[in-house]
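Here the structure comes first, spelled out in structure tokens, and everything after it is commentary.
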Amino acid sequence: MRTQVVIIGGGPSGLLLGQLLHTQGIDAVVLERKTRDYVLSRIRAGILETGTISLMHQAGVGARLEAEGFVHDGTIISYGDEEFTINFKEHTDTSVVVYGQTEVTRDLYDAREAAGLRTLFNVEQVEIHGADTDKAYVTYNVCGETHRIDCDFIAGCDGFHGVSRQTIPLSVRREYEKVYPFGWLGILSETPPVNDELIYAASERGFALCSMRNAKLSRYYIQCSLSDKPEDWTDEAFWQELKRRIPAQHAEKLVTGPSIEKSIAPLRSFVTEPMRWGRLFLCGDAAHIVPPTGAKGLNTAASDIHYLFEGLKQHYLENNSAGLETYSEKALARVWKAERFSWWMTNLLHRFPDQTEFDLKMQKADIDFLRSNKSAQSVMAQNYIGLPY
């Protein structure tokens with residue numbers, strides 16, 4: 001088999017790249033190690049930056065997002081019972097949209113299938129060959145049989161544990177990582193959201209986040225120990241702890257119910273450099289991970305896709321490889337800014353086990369400064385709705 005671009009990973013970033021390439025007549029094959037149903041069963045965050053929304057429309061899959069997404073003009077920051085709003089509209093004249101990552105992925109799969117594009121599922125033992133030569137190809141197994149795809153370029157959209165990053169020699173790549181000493185316990189419940197806007201809550205007991213998927217489906221998180229397991233927390237224990245961490249006026253009207261999903265996510269910041277090696281390009285979690293604070297994971301992956309798509313389009317339609325040559329530099333410049341924002345929000349709102357009384361005073365002063373300073377609010381709003389590509 002031959003194609004122009006092999007995309008390793010059938011998650012939202014790989015599918016978005018494939019759909020964008022299709023709009024320009026550029027052929028791509030997507031390899032996914034699981035089934036479509038398995039990919040769609042993964043629960044992920046769903047706050048979309050303006051740039052991600054624009055890319056969805058550009059890919060021709062923005063109709064349902066436009067009809068069903070929840071527009072958010074701001075977010076609430078609280079400390080104890082005190083709270084204030086960061087108004088995105090006021091500071092940036094734009095908004096974010098709450099639309100689940102599962103729905104983004106579903107829209108992209110539906111569009112890919114409708115167009116008859118090639119997606120191979122249950123693919124195992126993927127190996128990348130000749131990425132640093134002009135004869136790149138990928139081998140993989142399906143049902144015990146080995147197959148080969150020759151290609152011009154390879155997009156590694158296969159996540160942190162995928163083969164793509166590992167293919168780049170250790171003598172070439174450098175990795176930067178910070179592991180945080182806590183996780184997020186999250187539940188999904190068929191209950192109305194406690195508030196129209198998200199609530200990022202700092203408290204003496206730790207961080208909490210009140211979010212939603214739609215008008216009848218809520219997503220809530222609390223900071224927890226890395227040694228905790230989901231089964232350690234009953235639903236009742238979770239709800240009681242959440243109420244202790246959010247302002248009393250919200251706790252009083254919180255509608256509780258049985259969880260339909262419960263999980264714990266560890267927090268880490270991670271970046272690998274470079275994001276390109278020859279004809280192999282890393283995108284999304286294959287190259288970088290951010291803490292969920294600030295909702296940058298999917299959106300930073302989307303910005304990678306923007307830079308790679310523009311580079312591939314320029315290469316095939318204009319016979320100009322400048323965009324591909326500068327892909328890693330451009331992508332990393334934006335990645336590090338997103339990493340900074342997520343790191344800052346995480347440090348602003350969480351309790352750390354080694355914090356001194358001085359550290360806690362500095363943290364509270366940082367929140368107070370954000371509350372009272374319009375310029376600081378503007379900086380947060382600009383970062384939250386998404387820095388320009």
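The way I read the labels, and the way they are meant: chains A, B, ... in the order of the structure tokens, residue 1 as the first residue of every chain, and ligand 1 as the first ligand shown, with later ones counted on from there.
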Name all residues at most 9 Å from Ser203 (chain A) (count only C-alpha atoms; drop same-chain ones fewer than 5 positions away) and give them as a list of chain:residue names. A:Ser78, A:Tyr79, A:Gly80, A:Asp81, A:Ala208, A:Arg244, A:Arg245, A:Ile246, A:Leu349, A:His350, A:Arg351
Residues of region 79-310 of chain A in strand (DSSP E) according to DSSP, as JSON, numbers by chain? {"A": [79, 82, 83, 84, 85, 86, 87, 96, 97, 98, 119, 120, 124, 125, 126, 127, 128, 129, 137, 138, 139, 140, 141, 142, 145, 146, 147, 148, 149, 150, 153, 154, 155, 156, 174, 175, 176, 177, 178, 179, 180, 181, 182, 183, 184, 185, 186, 187, 188, 189, 199, 200, 201, 202, 208, 209, 210, 211, 212, 213, 214, 217, 218, 219, 220, 221, 222, 223, 224, 259, 260, 261, 262, 263, 264, 265, 266, 267, 268, 269, 270, 271, 272, 273, 276, 277, 280, 281, 282, 288, 289]}
Using C-alpha atoms, can you write the selected residues to a file as a PDB file, in the first residue's frame?
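Result saved to selection.pdb:
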```
ATOM      1  CA  TYR A  79     -11.041  30.743  47.293  1.00  0.00           C
ATOM      2  CA  GLU A  82     -14.985  34.219  47.994  1.00  0.00           C
ATOM      3  CA  GLU A  83     -15.296  34.201  44.211  1.00  0.00           C
ATOM      4  CA  PHE A  84     -14.850  36.385  41.156  1.00  0.00           C
ATOM      5  CA  THR A  85     -15.362  36.016  37.425  1.00  0.00           C
ATOM      6  CA  ILE A  86     -12.821  36.241  34.624  1.00  0.00           C
ATOM      7  CA  ASN A  87     -14.876  37.631  31.742  1.00  0.00           C
ATOM      8  CA  VAL A  96     -14.764  29.148  24.582  1.00  0.00           C
ATOM      9  CA  VAL A  97     -17.190  26.316  23.872  1.00  0.00           C
ATOM     10  CA  VAL A  98     -17.898  23.276  26.045  1.00  0.00           C
ATOM     11  CA  THR A 119      -8.924   3.911   8.679  1.00  0.00           C
ATOM     12  CA  LEU A 120      -7.367   0.667   9.904  1.00  0.00           C
ATOM     13  CA  GLU A 124      -0.604  -3.927  16.393  1.00  0.00           C
ATOM     14  CA  GLN A 125       3.213  -3.834  16.417  1.00  0.00           C
ATOM     15  CA  VAL A 126       3.466  -0.589  14.472  1.00  0.00           C
ATOM     16  CA  GLU A 127       7.038   0.226  13.454  1.00  0.00           C
ATOM     17  CA  ILE A 128       8.367   3.305  11.680  1.00  0.00           C
ATOM     18  CA  HIS A 129      11.188   2.779   9.199  1.00  0.00           C
ATOM     19  CA  TYR A 137       7.475   3.423   5.476  1.00  0.00           C
ATOM     20  CA  VAL A 138       5.426   1.911   8.280  1.00  0.00           C
ATOM     21  CA  THR A 139       4.823  -1.745   9.070  1.00  0.00           C
ATOM     22  CA  TYR A 140       2.049  -3.134  11.257  1.00  0.00           C
ATOM     23  CA  ASN A 141       0.222  -6.338  12.121  1.00  0.00           C
ATOM     24  CA  VAL A 142      -3.477  -7.092  11.810  1.00  0.00           C
ATOM     25  CA  GLU A 145      -0.347 -10.674   9.290  1.00  0.00           C
ATOM     26  CA  THR A 146       2.324  -8.046   8.642  1.00  0.00           C
ATOM     27  CA  HIS A 147       1.523  -5.175   6.279  1.00  0.00           C
ATOM     28  CA  ARG A 148       3.543  -2.259   4.899  1.00  0.00           C
ATOM     29  CA  ILE A 149       2.608   1.275   3.877  1.00  0.00           C
ATOM     30  CA  ASP A 150       5.080   3.388   1.907  1.00  0.00           C
ATOM     31  CA  PHE A 153       5.461  11.631   5.690  1.00  0.00           C
ATOM     32  CA  ILE A 154       4.390  10.172   9.046  1.00  0.00           C
ATOM     33  CA  ALA A 155       2.295  12.010  11.645  1.00  0.00           C
ATOM     34  CA  GLY A 156       2.752  10.569  15.121  1.00  0.00           C
ATOM     35  CA  ARG A 174      15.444  15.743  24.868  1.00  0.00           C
ATOM     36  CA  GLU A 175      12.603  15.396  27.346  1.00  0.00           C
ATOM     37  CA  TYR A 176      11.430  17.796  30.057  1.00  0.00           C
ATOM     38  CA  GLU A 177       9.042  16.664  32.765  1.00  0.00           C
ATOM     39  CA  LYS A 178       7.442  17.765  36.013  1.00  0.00           C
ATOM     40  CA  VAL A 179       5.319  15.275  37.952  1.00  0.00           C
ATOM     41  CA  TYR A 180       2.853  16.795  40.425  1.00  0.00           C
ATOM     42  CA  PRO A 181       2.343  15.175  43.850  1.00  0.00           C
ATOM     43  CA  PHE A 182      -1.416  14.716  43.484  1.00  0.00           C
ATOM     44  CA  GLY A 183      -4.108  13.630  41.063  1.00  0.00           C
ATOM     45  CA  TRP A 184      -7.651  14.557  40.088  1.00  0.00           C
ATOM     46  CA  LEU A 185     -10.532  12.312  41.107  1.00  0.00           C
ATOM     47  CA  GLY A 186     -13.287  12.937  38.570  1.00  0.00           C
ATOM     48  CA  ILE A 187     -16.856  11.745  38.280  1.00  0.00           C
ATOM     49  CA  LEU A 188     -19.467  12.044  35.567  1.00  0.00           C
ATOM     50  CA  SER A 189     -23.074  12.251  36.717  1.00  0.00           C
ATOM     51  CA  ILE A 199     -15.868  27.001  38.796  1.00  0.00           C
ATOM     52  CA  TYR A 200     -12.157  26.620  39.570  1.00  0.00           C
ATOM     53  CA  ALA A 201     -12.043  26.363  43.358  1.00  0.00           C
ATOM     54  CA  ALA A 202      -9.058  26.714  45.664  1.00  0.00           C
ATOM     55  CA  ALA A 208     -11.987  21.345  42.983  1.00  0.00           C
ATOM     56  CA  LEU A 209     -13.488  21.957  39.555  1.00  0.00           C
ATOM     57  CA  CYS A 210     -17.153  22.120  38.596  1.00  0.00           C
ATOM     58  CA  SER A 211     -17.633  21.498  34.890  1.00  0.00           C
ATOM     59  CA  MET A 212     -20.223  20.008  32.566  1.00  0.00           C
ATOM     60  CA  ARG A 213     -20.836  18.149  29.309  1.00  0.00           C
ATOM     61  CA  ASN A 214     -24.350  19.426  28.686  1.00  0.00           C
ATOM     62  CA  LEU A 217     -24.538  15.834  32.349  1.00  0.00           C
ATOM     63  CA  SER A 218     -21.992  17.218  34.827  1.00  0.00           C
ATOM     64  CA  ARG A 219     -18.279  16.596  35.321  1.00  0.00           C
ATOM     65  CA  TYR A 220     -16.735  17.290  38.733  1.00  0.00           C
ATOM     66  CA  TYR A 221     -13.177  16.913  40.029  1.00  0.00           C
ATOM     67  CA  ILE A 222     -11.386  17.110  43.366  1.00  0.00           C
ATOM     68  CA  GLN A 223      -7.669  17.046  44.084  1.00  0.00           C
ATOM     69  CA  CYS A 224      -6.696  13.744  45.683  1.00  0.00           C
ATOM     70  CA  SER A 259     -21.745   8.505  39.213  1.00  0.00           C
ATOM     71  CA  ILE A 260     -21.731   6.902  35.761  1.00  0.00           C
ATOM     72  CA  GLU A 261     -17.939   7.130  35.489  1.00  0.00           C
ATOM     73  CA  LYS A 262     -15.240   7.610  38.119  1.00  0.00           C
ATOM     74  CA  SER A 263     -11.502   7.813  37.589  1.00  0.00           C
ATOM     75  CA  ILE A 264      -8.273   9.333  38.890  1.00  0.00           C
ATOM     76  CA  ALA A 265      -5.879  11.176  36.603  1.00  0.00           C
ATOM     77  CA  PRO A 266      -2.295  11.944  37.677  1.00  0.00           C
ATOM     78  CA  LEU A 267      -0.973  15.386  36.756  1.00  0.00           C
ATOM     79  CA  ARG A 268       2.237  16.001  34.844  1.00  0.00           C
ATOM     80  CA  SER A 269       3.873  18.515  32.555  1.00  0.00           C
ATOM     81  CA  PHE A 270       5.944  16.960  29.760  1.00  0.00           C
ATOM     82  CA  VAL A 271       7.590  18.192  26.560  1.00  0.00           C
ATOM     83  CA  THR A 272       9.907  16.464  24.118  1.00  0.00           C
ATOM     84  CA  GLU A 273      12.117  18.332  21.675  1.00  0.00           C
ATOM     85  CA  ARG A 276      10.207  16.523  14.005  1.00  0.00           C
ATOM     86  CA  TRP A 277      12.776  13.935  12.928  1.00  0.00           C
ATOM     87  CA  LEU A 280       8.272  11.969  11.189  1.00  0.00           C
ATOM     88  CA  PHE A 281       6.247  14.696  12.927  1.00  0.00           C
ATOM     89  CA  LEU A 282       4.985  14.407  16.514  1.00  0.00           C
ATOM     90  CA  HIS A 288       3.705  17.005  25.157  1.00  0.00           C
ATOM     91  CA  ILE A 289       1.317  16.655  28.098  1.00  0.00           C
TER      92      ILE A 289
END
```
Contacts of region 330-333 of chain A at 12 Å or less, counting only C-alpha atoms, minus same-chain residues fewer than 5 places along, as a ChimeraX atom specification? /A:270-276,281-284,287-288,300-311,322-325,338-340,387-389
Set the distance at 9 Å and use only C-alpha atoms: which residues neighbour Ile53 (chain A) once local chain neighbours fewer than 5 positions away are removed? I'd like the list as a PDB file with C-alpha atoms, in the first residue's frame.
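Full text of part-v1.pdb as output:
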```
ATOM      1  CA  LEU A  48     -12.529  24.125  22.968  1.00  0.00           C
ATOM      2  CA  GLN A  58     -12.220  24.268   8.333  1.00  0.00           C
ATOM      3  CA  GLY A  62     -18.391  22.073  12.772  1.00  0.00           C
ATOM      4  CA  LEU A  65     -20.506  21.662  17.466  1.00  0.00           C
ATOM      5  CA  GLU A  66     -22.194  24.899  16.434  1.00  0.00           C
ATOM      6  CA  VAL A  96     -14.764  29.148  24.582  1.00  0.00           C
ATOM      7  CA  VAL A  97     -17.190  26.316  23.872  1.00  0.00           C
TER       8      VAL A  97
END
```
Which residues come within 8 Å of Gly100 (chain A), counting only C-alpha atoms, excluding same-chain residues fewer than 6 positions away, as a ChimeraX atom specification? /A:44-47,213
Can you tell me, as a ChimeraX atom specification, what residues are no more than 12 Å from region 21-28 of chain A when counting only C-alpha atoms, ignoring any on the same chain fewer than 5 positions away? /A:1-8,10,14-16,55-61,108,111-112,114-120,149-155,305-306,308-318
Grab the CA of Thr191 (chain A) to CA of Glu231 (chain A) distance for me, in Å with one decimal place.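 Going from CA of Thr191 (chain A) over to CA of Glu231 (chain A) covers 20.9 Å.
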Helix (DSSP H, G or I) positions in region 121-347 of chain A, given as a ChimeraX atom specification: /A:163-167,230-232,235-245,248-251,284-286,297-318,322-325,327-347
Between CA of Leu242 (chain A) and CA of Val71 (chain A) - distance in Å to one decimal: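 Straight-line distance from CA of Val71 (chain A) to CA of Leu242 (chain A) works out to 24.6 Å.
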Nearest-residue call for Phe238 (chain A), choices A:Glu103, A:Thr256, A:Lys364, A:Leu226, using only C-alpha atoms: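 Result for the nearest residue to Phe238 (chain A): A:Thr256.
For the set A:Glu329, A:Ser225, A:Val290, A:Ser95, the residue with the smallest atom-to-atom gap to Pro353 (chain A) is A:Ser225, counting only C-alpha atoms.
Shortest separation to Arg106 (chain A) among A:Asp368, A:Asp93, A:Asp37, A:Glu49 occurs at residue A:Asp37, atoms counted being only C-alpha atoms.
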With distances taken over only C-alpha atoms, which residue among A:Thr293, A:Gln355, A:Asn122, A:Gln377 lies nearest Glu32 (chain A)?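 Of the candidates, the smallest distance to Glu32 (chain A) is held by A:Asn122.
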Between CA of Asp228 (chain A) and CA of Lys361 (chain A), what is the spacing in Å?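 These two atoms are separated by 27.9 Å.
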